[in-house]
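Visitor: structure_1.txt is reproduced below (compact mmCIF, C-alpha atoms).
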```
# COMPACT_ATOMS: atom_id res chain seq x y z
CA MET A 156 15.90 18.44 -15.23
CA SER A 157 15.66 21.71 -17.07
CA SER A 158 12.77 24.05 -17.72
CA HIS A 159 12.21 24.61 -21.42
CA GLY A 160 9.32 24.61 -23.82
CA HIS A 161 8.70 22.61 -26.97
CA ALA A 162 6.68 23.15 -30.09
CA ALA A 163 3.66 20.90 -30.51
CA THR A 164 4.57 17.56 -32.07
CA PRO A 165 2.00 14.95 -33.08
CA ALA A 166 2.47 11.56 -31.41
CA PRO A 167 2.99 9.13 -34.31
CA THR A 168 2.49 5.98 -32.24
CA SER A 169 -0.66 6.97 -30.41
CA SER A 170 -2.78 4.27 -32.09
CA ALA A 171 -0.86 1.52 -30.25
CA GLN A 172 -1.54 3.24 -26.96
CA SER A 173 -5.28 3.58 -27.42
CA HIS A 174 -5.84 -0.03 -28.48
CA ALA A 175 -5.05 -2.09 -25.35
CA PRO A 176 -1.44 -3.10 -26.07
CA SER A 177 -0.46 -6.77 -25.91
CA SER A 178 2.02 -7.96 -23.30
CA ALA A 179 4.73 -8.29 -26.02
CA TYR A 180 4.22 -4.62 -26.82
CA THR A 181 4.59 -3.81 -23.13
CA GLU A 182 7.80 -5.73 -22.77
CA PHE A 183 9.67 -4.39 -25.78
CA HIS A 184 8.39 -0.84 -26.03
CA PRO A 185 11.60 1.20 -25.94
CA ARG A 186 10.28 4.67 -25.25
CA TRP A 187 8.74 4.65 -21.79
CA TYR A 188 10.54 6.40 -19.06
CA ARG A 189 11.05 4.10 -16.09
CA PRO A 190 12.09 6.14 -13.05
CA LYS A 191 14.84 4.58 -10.94
CA ILE A 192 14.21 4.11 -7.24
CA SER A 193 16.93 5.43 -4.96
CA THR A 194 18.31 3.25 -2.16
CA TYR A 195 17.24 6.04 0.17
CA TRP A 196 13.62 6.20 -1.06
CA TRP A 197 12.37 5.78 2.51
CA LEU A 198 13.99 9.02 3.72
CA GLY A 199 11.61 11.15 1.66
CA LYS A 200 8.51 10.68 3.79
CA TRP A 201 7.95 10.30 7.54
CA ALA A 202 5.45 7.45 6.97
CA TYR A 203 8.17 5.49 5.15
CA VAL A 204 10.76 6.25 7.85
CA LYS A 205 8.33 4.97 10.49
CA PHE A 206 7.80 1.82 8.43
CA ILE A 207 11.56 1.17 8.13
CA LEU A 208 12.01 1.75 11.90
CA ARG A 209 9.17 -0.71 12.57
CA GLU A 210 10.82 -3.31 10.32
CA LEU A 211 14.21 -2.66 11.96
CA SER A 212 12.66 -3.24 15.39
CA SER A 213 12.65 -6.97 14.63
CA VAL A 214 16.47 -6.87 14.97
CA ALA A 215 16.02 -5.55 18.53
CA VAL A 216 13.57 -8.38 19.23
CA ALA A 217 16.10 -10.97 17.97
CA TRP A 218 18.87 -9.31 20.05
CA THR A 219 16.74 -9.44 23.21
CA VAL A 220 15.83 -13.10 22.66
CA ALA A 221 19.53 -13.95 22.17
CA LEU A 222 20.41 -12.02 25.33
CA ILE A 223 17.82 -13.86 27.43
CA LEU A 224 18.99 -17.22 26.07
CA ALA A 225 22.60 -16.27 26.95
CA GLN A 226 21.46 -15.30 30.45
CA VAL A 227 19.69 -18.64 30.99
CA TRP A 228 22.67 -20.53 29.55
CA SER A 229 25.17 -18.78 31.87
CA LEU A 230 22.82 -19.39 34.83
CA ILE A 231 22.74 -23.13 34.11
CA ARG A 232 26.49 -23.33 33.50
CA SER A 233 27.98 -21.98 36.74
CA PRO A 234 27.80 -19.08 39.24
CA LYS A 235 31.07 -17.81 37.80
CA ALA A 236 29.66 -17.76 34.26
CA TYR A 237 26.62 -15.85 35.51
CA SER A 238 28.67 -13.24 37.33
CA GLN A 239 30.74 -12.80 34.17
CA PHE A 240 27.52 -12.34 32.19
CA ALA A 241 26.26 -9.81 34.76
CA ARG A 242 29.55 -7.90 34.50
CA VAL A 243 29.27 -7.63 30.71
CA MET A 244 25.64 -6.55 31.04
CA SER A 245 26.48 -3.75 33.48
CA SER A 246 29.06 -2.13 31.20
CA PRO A 247 27.99 1.34 29.99
CA TRP A 248 27.96 0.43 26.27
CA MET A 249 25.77 -2.61 26.96
CA ILE A 250 23.33 -0.50 28.99
CA ALA A 251 23.20 2.09 26.19
CA LEU A 252 22.62 -0.65 23.61
CA ASN A 253 19.82 -2.15 25.67
CA VAL A 254 18.13 1.22 26.19
CA VAL A 255 18.00 1.55 22.38
CA ALA A 256 16.80 -2.06 22.06
CA PHE A 257 14.10 -1.40 24.68
CA ALA A 258 12.85 1.63 22.73
CA PHE A 259 12.63 -0.51 19.59
CA LEU A 260 10.83 -3.27 21.56
CA LEU A 261 8.22 -0.73 22.68
CA LEU A 262 7.80 0.44 19.09
CA HIS A 263 7.51 -3.18 17.92
CA SER A 264 4.86 -4.06 20.50
CA ILE A 265 2.78 -0.89 20.14
CA THR A 266 2.73 -1.04 16.33
CA TRP A 267 1.82 -4.74 16.48
CA PHE A 268 -1.13 -4.13 18.82
CA ASN A 269 -2.30 -1.16 16.76
CA LEU A 270 -2.14 -3.09 13.49
CA ALA A 271 -3.88 -6.23 14.82
CA PRO A 272 -7.44 -4.80 14.43
CA LYS A 273 -6.72 -4.18 10.73
CA ALA A 274 -6.00 -7.87 10.18
CA MET A 275 -8.91 -9.11 12.29
CA ALA A 276 -12.30 -8.14 10.90
CA VAL A 277 -14.46 -9.70 13.60
CA ARG A 278 -18.18 -9.24 13.03
CA VAL A 279 -20.69 -9.60 15.82
CA GLY A 280 -24.39 -9.25 15.11
CA GLY A 281 -23.68 -8.00 11.59
CA LYS A 282 -21.44 -5.16 12.81
CA ARG A 283 -17.65 -5.08 12.77
CA LEU A 284 -16.10 -4.95 16.26
CA PRO A 285 -14.44 -1.59 16.98
CA ALA A 286 -10.62 -1.61 16.84
CA VAL A 287 -10.30 -0.84 20.55
CA LEU A 288 -12.01 -4.12 21.47
CA ILE A 289 -9.30 -6.05 19.58
CA SER A 290 -6.21 -4.05 20.55
CA GLY A 291 -7.50 -3.23 24.08
CA PRO A 292 -7.27 -6.77 25.51
CA GLN A 293 -3.78 -7.13 24.05
CA TYR A 294 -2.62 -3.92 25.75
CA LEU A 295 -4.28 -5.08 28.97
CA ALA A 296 -2.54 -8.49 28.87
CA TRP A 297 0.77 -6.73 28.10
CA ILE A 298 0.40 -4.39 31.09
CA VAL A 299 -0.72 -7.19 33.48
CA ILE A 300 2.14 -9.54 32.47
CA SER A 301 4.69 -6.70 32.68
CA ALA A 302 3.38 -5.77 36.16
CA ILE A 303 3.70 -9.39 37.35
CA VAL A 304 7.29 -9.61 36.03
CA LEU A 305 8.14 -6.27 37.65
CA ALA A 306 6.62 -7.43 40.97
CA ILE A 307 8.71 -10.63 40.89
CA VAL A 308 11.91 -8.68 40.09
CA ILE A 309 11.28 -6.13 42.87
CA SER A 310 10.30 -8.74 45.52
CA ARG A 311 13.44 -10.84 44.78
CA GLY A 312 15.73 -7.82 44.51
CA MET B 280 -7.50 39.51 -12.79
CA ALA B 281 -7.95 36.63 -10.40
CA GLN B 282 -5.17 35.49 -8.08
CA THR B 283 -2.80 33.05 -9.75
CA ILE B 284 -0.76 30.04 -8.68
CA GLN B 285 2.26 28.36 -10.24
CA LEU B 286 2.01 24.77 -11.44
CA ARG B 287 5.28 22.90 -12.00
CA VAL B 288 4.22 20.13 -14.33
CA SER B 289 6.39 17.16 -15.29
CA ARG B 290 6.83 16.91 -19.05
CA TYR B 291 8.17 13.95 -21.01
CA SER B 292 8.02 13.35 -24.71
CA PRO B 293 9.06 9.84 -25.71
CA GLU B 294 10.14 11.13 -29.15
CA ARG B 295 12.51 13.77 -27.82
CA ASP B 296 13.41 13.43 -24.16
CA THR B 297 15.62 11.01 -22.32
CA GLU B 298 14.08 11.96 -18.98
CA PRO B 299 11.24 14.16 -17.71
CA TYR B 300 11.71 17.85 -16.97
CA PHE B 301 9.51 20.44 -15.27
CA GLN B 302 7.62 23.17 -17.06
CA THR B 303 6.08 25.99 -15.03
CA TYR B 304 2.66 27.44 -15.80
CA GLU B 305 0.76 30.27 -14.16
CA VAL B 306 -2.95 29.51 -13.73
CA PRO B 307 -5.80 31.44 -12.08
CA VAL B 308 -6.96 30.23 -8.68
CA LYS B 309 -10.70 29.94 -8.25
CA GLU B 310 -12.26 28.59 -5.12
CA GLU B 311 -14.09 25.80 -6.93
CA TRP B 312 -11.13 24.81 -9.14
CA VAL B 313 -9.40 21.48 -8.69
CA ILE B 314 -6.04 20.36 -10.12
CA LEU B 315 -7.84 18.93 -13.15
CA ASP B 316 -9.44 22.33 -13.89
CA ALA B 317 -5.99 23.91 -13.81
CA LEU B 318 -4.58 21.26 -16.18
CA ASN B 319 -7.52 21.74 -18.55
CA TYR B 320 -6.96 25.51 -18.40
CA ILE B 321 -3.33 24.96 -19.46
CA LYS B 322 -4.38 22.56 -22.21
CA ASP B 323 -7.03 24.97 -23.55
CA LYS B 324 -5.37 28.35 -23.14
CA VAL B 325 -1.62 27.99 -22.64
CA ASP B 326 -0.08 24.80 -24.01
CA GLY B 327 -2.05 22.29 -26.06
CA THR B 328 0.79 19.77 -25.99
CA LEU B 329 0.32 18.95 -22.30
CA THR B 330 -0.93 15.35 -22.04
CA PHE B 331 -2.89 13.90 -19.12
CA ARG B 332 -5.70 11.41 -18.54
CA TRP B 333 -9.10 12.38 -17.25
CA SER B 334 -12.71 11.54 -17.86
CA CYS B 335 -15.58 11.89 -15.39
CA ARG B 336 -14.46 14.87 -13.20
CA MET B 337 -16.28 13.36 -10.20
CA GLY B 338 -14.16 10.63 -8.60
CA ILE B 339 -15.80 7.73 -10.39
CA CYS B 340 -13.61 6.82 -13.36
CA GLY B 341 -10.24 6.78 -11.58
CA SER B 342 -8.40 8.25 -14.59
CA CYS B 343 -6.90 11.45 -13.17
CA GLY B 344 -4.43 10.16 -10.59
CA TYR B 345 -1.26 12.29 -10.39
CA MET B 346 1.45 12.96 -7.84
CA VAL B 347 0.58 16.35 -6.34
CA ASN B 348 3.46 17.69 -4.26
CA ASN B 349 4.74 14.09 -4.07
CA GLU B 350 1.40 12.71 -2.79
CA PRO B 351 -0.83 10.52 -4.97
CA LYS B 352 -4.09 12.42 -5.50
CA LEU B 353 -7.10 12.43 -7.79
CA GLY B 354 -6.88 15.56 -9.94
CA CYS B 355 -10.65 16.00 -9.80
CA ALA B 356 -10.84 15.88 -6.00
CA THR B 357 -7.89 18.07 -5.02
CA PHE B 358 -8.57 21.79 -4.73
CA LEU B 359 -6.02 24.39 -5.80
CA THR B 360 -6.79 26.60 -2.80
CA GLN B 361 -5.40 24.06 -0.34
CA TYR B 362 -1.95 24.54 -1.91
CA ALA B 363 -2.01 28.37 -2.03
CA PRO B 364 0.24 30.29 -2.44
CA GLY B 365 1.98 27.42 -4.29
CA PRO B 366 3.82 26.40 -6.34
CA ILE B 367 2.19 23.01 -6.91
CA THR B 368 4.31 20.23 -8.35
CA ILE B 369 2.44 17.75 -10.52
CA GLU B 370 4.06 14.52 -11.70
CA PRO B 371 2.87 11.23 -13.15
CA LEU B 372 1.96 8.50 -10.65
CA LYS B 373 5.02 6.88 -9.12
CA ASN B 374 5.94 3.23 -9.70
CA PHE B 375 4.65 3.17 -13.30
CA PRO B 376 6.49 3.71 -16.58
CA VAL B 377 5.73 7.14 -18.06
CA VAL B 378 4.24 7.16 -21.57
CA ARG B 379 4.06 10.95 -22.00
CA ASP B 380 3.86 13.90 -19.59
CA LEU B 381 1.40 12.79 -16.87
CA VAL B 382 0.22 9.61 -18.61
CA VAL B 383 1.48 6.33 -17.17
CA GLU B 384 1.48 2.84 -18.65
CA ILE B 385 -0.86 0.52 -16.75
CA THR B 386 -0.78 -2.70 -18.79
CA GLU B 387 1.27 -4.43 -16.07
CA PHE B 388 -1.46 -3.60 -13.55
CA LEU B 389 -4.19 -4.94 -15.86
CA GLU B 390 -2.27 -8.23 -16.17
CA LYS B 391 -2.06 -8.44 -12.36
CA LEU B 392 -5.76 -7.66 -12.06
CA LYS B 393 -6.64 -10.64 -14.27
CA LYS B 394 -4.57 -12.96 -12.07
CA VAL B 395 -6.79 -12.40 -9.01
CA LYS B 396 -9.91 -13.53 -10.93
CA PRO B 397 -12.02 -10.50 -9.99
CA TRP B 398 -15.36 -12.01 -10.88
CA LEU B 399 -17.88 -14.33 -9.23
CA ILE B 400 -16.78 -17.96 -9.48
CA HIS B 401 -19.73 -20.28 -9.05
CA ASP B 402 -20.08 -24.01 -9.64
CA ASP B 403 -23.44 -23.87 -11.35
CA GLY B 404 -22.34 -21.32 -13.93
CA ASN B 405 -24.89 -18.69 -14.82
CA GLY B 406 -27.89 -20.98 -15.07
CA ALA B 407 -29.20 -20.59 -11.52
CA GLY B 408 -30.82 -17.20 -11.95
CA GLU B 409 -30.11 -14.46 -9.46
CA TYR B 410 -28.11 -15.09 -6.30
CA LEU B 411 -29.79 -13.68 -3.24
CA GLN B 412 -27.80 -11.78 -0.66
CA THR B 413 -28.78 -10.22 2.66
CA PRO B 414 -27.70 -6.67 3.62
CA ASP B 415 -25.38 -8.19 6.26
CA GLN B 416 -23.70 -10.37 3.63
CA LEU B 417 -23.29 -7.31 1.40
CA GLU B 418 -21.76 -5.38 4.28
CA GLU B 419 -19.03 -8.05 4.58
CA PHE B 420 -17.34 -6.87 1.36
CA ARG B 421 -19.01 -3.57 0.38
CA GLN B 422 -16.12 -1.39 1.52
CA HIS B 423 -13.63 -3.32 -0.61
CA SER B 424 -15.92 -3.15 -3.65
CA MET B 425 -15.70 0.65 -3.89
CA CYS B 426 -12.33 0.57 -5.73
CA ILE B 427 -12.21 2.69 -8.92
CA ASN B 428 -8.77 1.40 -10.04
CA CYS B 429 -7.27 4.89 -9.82
CA LEU B 430 -3.92 3.31 -8.85
CA LEU B 431 -3.09 5.90 -6.17
CA CYS B 432 -2.39 2.94 -3.86
CA TYR B 433 0.25 1.58 -6.26
CA ALA B 434 1.93 4.99 -6.34
CA ALA B 435 1.96 5.09 -2.51
CA CYS B 436 3.17 1.51 -2.03
CA PRO B 437 6.98 1.29 -1.93
CA ILE B 438 6.84 -2.49 -2.42
CA SER B 439 5.04 -2.01 -5.76
CA GLY B 440 7.96 0.17 -6.85
CA LEU B 441 10.73 -2.05 -5.52
CA ASP B 442 9.21 -5.36 -6.62
CA PRO B 443 7.45 -5.00 -9.99
CA ILE B 444 5.96 -8.51 -9.84
CA PHE B 445 4.14 -7.81 -6.55
CA ILE B 446 0.41 -8.04 -7.34
CA GLY B 447 -0.20 -4.86 -5.35
CA PRO B 448 -2.86 -3.27 -3.13
CA ALA B 449 -5.91 -2.70 -5.38
CA ALA B 450 -5.81 -6.13 -7.05
CA LEU B 451 -5.33 -7.97 -3.74
CA ALA B 452 -8.12 -5.97 -2.10
CA LEU B 453 -10.37 -6.88 -5.00
CA ALA B 454 -9.52 -10.56 -4.59
CA HIS B 455 -10.46 -10.26 -0.91
CA ARG B 456 -13.70 -8.53 -1.92
CA TYR B 457 -14.73 -11.56 -4.02
CA ASN B 458 -13.59 -14.02 -1.33
CA LYS B 459 -15.90 -12.30 1.15
CA ASP B 460 -18.84 -12.33 -1.26
CA SER B 461 -21.44 -14.93 -0.18
CA ARG B 462 -22.19 -15.66 -3.86
CA ASP B 463 -18.59 -16.58 -4.68
CA GLN B 464 -16.95 -20.02 -4.43
CA GLY B 465 -13.52 -19.16 -5.81
CA SER B 466 -11.53 -18.41 -2.65
CA ALA B 467 -9.50 -21.65 -2.85
CA GLU B 468 -8.72 -20.98 -6.50
CA ARG B 469 -7.56 -17.46 -5.68
CA MET B 470 -5.58 -18.60 -2.64
CA ALA B 471 -3.58 -20.99 -4.86
CA VAL B 472 -2.57 -18.01 -7.03
CA LEU B 473 -2.11 -15.37 -4.32
CA SER B 474 -0.57 -17.21 -1.36
CA HIS B 475 2.92 -16.45 -2.71
CA PRO B 476 5.66 -13.88 -2.09
CA GLU B 477 4.44 -11.84 -5.06
CA GLY B 478 0.88 -12.14 -3.74
CA ILE B 479 -0.39 -11.49 -0.20
CA TRP B 480 2.97 -12.31 1.44
CA GLY B 481 4.74 -9.60 -0.54
CA CYS B 482 2.88 -6.94 1.43
CA THR B 483 4.87 -5.60 4.40
CA PHE B 484 1.97 -3.49 5.69
CA VAL B 485 3.37 -0.03 5.12
CA GLY B 486 -0.26 1.13 5.23
CA GLU B 487 0.14 4.07 2.85
CA CYS B 488 -2.24 2.50 0.31
CA THR B 489 -5.09 2.83 2.79
CA ARG B 490 -4.16 6.41 3.69
CA VAL B 491 -4.20 7.66 0.09
CA CYS B 492 -7.27 5.70 -1.10
CA PRO B 493 -9.91 8.26 -2.16
CA LYS B 494 -12.72 5.69 -1.81
CA HIS B 495 -11.76 4.36 1.67
CA VAL B 496 -11.35 0.82 0.35
CA ASP B 497 -8.65 0.04 2.97
CA PRO B 498 -6.48 -2.22 0.79
CA ALA B 499 -3.92 -2.66 3.61
CA GLY B 500 -6.62 -4.02 5.94
CA ALA B 501 -7.97 -6.29 3.20
CA ILE B 502 -4.52 -7.76 2.55
CA GLN B 503 -3.85 -8.39 6.26
CA GLN B 504 -7.23 -10.14 6.56
CA TYR B 505 -6.32 -12.15 3.49
CA LYS B 506 -2.97 -13.08 5.10
CA LEU B 507 -4.80 -14.30 8.21
CA ALA B 508 -7.07 -16.45 6.01
CA GLY B 509 -3.95 -17.70 4.16
CA ALA B 510 -2.20 -18.61 7.42
CA ILE B 511 -5.27 -20.48 8.70
CA ASP B 512 -5.53 -22.25 5.33
CA GLY B 513 -1.83 -23.24 5.57
CA ILE B 514 -2.22 -24.60 9.11
CA LYS B 515 -5.31 -26.58 8.07
CA GLN B 516 -3.42 -28.13 5.18
CA PHE B 517 -0.49 -28.98 7.47
CA LEU B 518 -2.69 -30.58 10.16
CA MET B 519 -5.13 -32.24 7.77
CA PRO B 520 -3.24 -32.89 4.52
CA TRP B 521 -5.77 -35.57 3.59
CA GLY B 522 -8.71 -33.18 3.86
CA GLN B 523 -10.22 -31.31 0.96
CA ARG B 524 -10.08 -27.52 0.98
CA GLN B 525 -13.42 -26.34 2.22
CA GLU B 526 -15.00 -23.96 -0.23
CA LYS B 527 -17.64 -21.40 0.63
CA GLN B 528 -21.21 -22.26 -0.13
```
Once more with this new file: its structure as structure tokens, please.
Guide:
Amino acid sequence: MSSHGHAATPAPTSSAQSHAPSSAYTEFHPRWYRPKISTYWWLGKWAYVKFILRELSSVAVAWTVALILAQVWSLIRSPKAYSQFARVMSSPWMIALNVVAFAFLLLHSITWFNLAPKAMAVRVGGKRLPAVLISGPQYLAWIVISAIVLAIVISRG
Amino acid sequence: MAQTIQLRVSRYSPERDTEPYFQTYEVPVKEEWVILDALNYIKDKVDGTLTFRWSCRMGICGSCGYMVNNEPKLGCATFLTQYAPGPITIEPLKNFPVVRDLVVEITEFLEKLKKVKPWLIHDDGNGAGEYLQTPDQLEEFRQHSMCINCLLCYAACPISGLDPIFIGPAALALAHRYNKDSRDQGSAERMAVLSHPEGIWGCTFVGECTRVCPKHVDPAGAIQQYKLAGAIDGIKQFLMPWGQRQEKQ
């Protein structure tokens, strides 16, 4: 882009613009400038970066599900298979990977709970329920279930 | 002489330019001046060739949407002082073809708007007189009826830019507004058109449309509510394929 001025020029085709153009006119008009969207469009704004991270978090969810299935499968197979699984899981790179996956899982869950009230417009007595009454029970259930799982892990450990 | 501020305005002439360029103008800053006042000052006193849309100056007509420092804003509701000492960059709304300077082409949007049937659909036509509605029934959709079609939401929505056939936030919110209207019976008709990847399922809930909406219409919320209704509709059809779609009274 450069910065330069121009002399006034009348727009010869302005009549087509002011009289609601037909769809054929739209399709074949050669003069409009259509900006191209960069592959990295999402890097320009924090809101877009957050959105991409939220979408990426589904990969972490899939990874965790696969990991749990592998754990159950090795448990069923043999004690040797399970100890081999446990060895792989305790390697430093696997721990690092799972720390990242856990962070994404938290992001996934929190954004899900926060967005749920947007999708659920529950009206009671003519008034819309406040968001906290929709996301609150979900957070509560999440905390209770996590506490139960943690208690089981600690008591068996 | 009053304090001044620099405006970097995107210019594009379809007769001469292959791509837009920026032109810088110096305009006075007055406390009560909005972006639109500054553009009108340029048009009147500095450069009569600058082209931009505007009409009501009071957030009703939805004509003066521009990108102000890369944020979609209404020119009539955005004060110069909040950007002092400047400069302020003004560009045409994103995700639309540019006709000239700050004017964008919106025919594609108008075609999308027609698809959602944004009018009351009623079996008995117009012969039944007035349709009564309680304040509670009005409250069900009032928020989504405040849209002024300013298209800021389309400029904020990355999906609208990446997927030009996506119906987009304002049109889908308007469809939801009519679905929630107790006088309307067209929700099944609209669902058949909008329960598609280019309709409600195209939305990935970025949420920026709601943030930039100057009338607090909450298009993102409307679309998610519409998705929920679509999912319930789909499950009903799967479980009861022999049943008729239940229309609203």
Visitor: For chain A, work out the contacting residues on chain B at 9 Å, counting all atoms listed in the file, and write them as a ChimeraX atom specification.
Guide: /B:291-294,297-303,326-328,373-379,383-384,386-387,390,415-416,418-419,437,440-441,483-487,499-507
Visitor: Would you mind reading off the distance between atom CA of Met346 of chain B and atom CA of Val395 of chain B, one decimal, in Å?
Guide: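 Here the two named atoms are 26.7 Å from each other.
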Visitor: Quick one: distance from atom CA of Arg421 of chain B to atom CA of Ser334 of chain B in Å, one decimal?
Guide: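 Interatomic distance, atom CA of Arg421 of chain B to atom CA of Ser334 of chain B: 24.5 Å.
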Visitor: What does the structure give for the distance between atom CA of Val308 of chain B and atom CA of Lys494 of chain B, in Å to one decimal?
Guide: 26.1 Å
Visitor: Using only C-alpha atoms, find the one residue out of A:Ala256, A:Ile265, A:Leu230, A:Ile303 that sits nearest to Gly291 of chain A.
Guide: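 Closest to Gly291 of chain A of all the choices is A:Ile265.
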Visitor: Go through B:Ala363, B:Ala508, B:Cys340, B:Met519 one by one, measure the shortest atom-to-atom distance of each to Lys309 of chain B using only C-alpha atoms, and give the residue with the smallest value.
Guide: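 Counting only C-alpha atoms, the residue closest to Lys309 of chain B is B:Ala363.
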Visitor: Can you tell me, as a PyMOL selection string, what residues are no more than 10 Å from Leu315 of chain B when counting all atoms listed in the file, ignoring any on the same chain fewer than 4 positions away?
Guide: chain B and resi 319-321+331-333+336+343-345+353-359
Visitor: Using all atoms listed in the file, which residues sit within 8 Å of Glu305 of chain B once same-chain residues fewer than 3 positions away are excluded, as a short mmCIF file (atom, residue, chain, number, x, y, z; two decimals) with C-alpha atoms, keeping the file's coordinate frame?
Guide:
```
data_model
loop_
_atom_site.label_atom_id
_atom_site.label_comp_id
_atom_site.auth_asym_id
_atom_site.auth_seq_id
_atom_site.Cartn_x
_atom_site.Cartn_y
_atom_site.Cartn_z
CA THR B 283 -2.80 33.05 -9.75
CA ILE B 284 -0.76 30.04 -8.68
CA GLN B 285 2.26 28.36 -10.24
CA LEU B 286 2.01 24.77 -11.44
#
```
Visitor: Between A:Val254, A:Leu261, A:Ile223, A:Ala241, which residue has the minimum interatomic distance to Leu208 of chain A, considering only C-alpha atoms?
Guide: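 With only C-alpha atoms as the atom set, the closest residue is A:Leu261.
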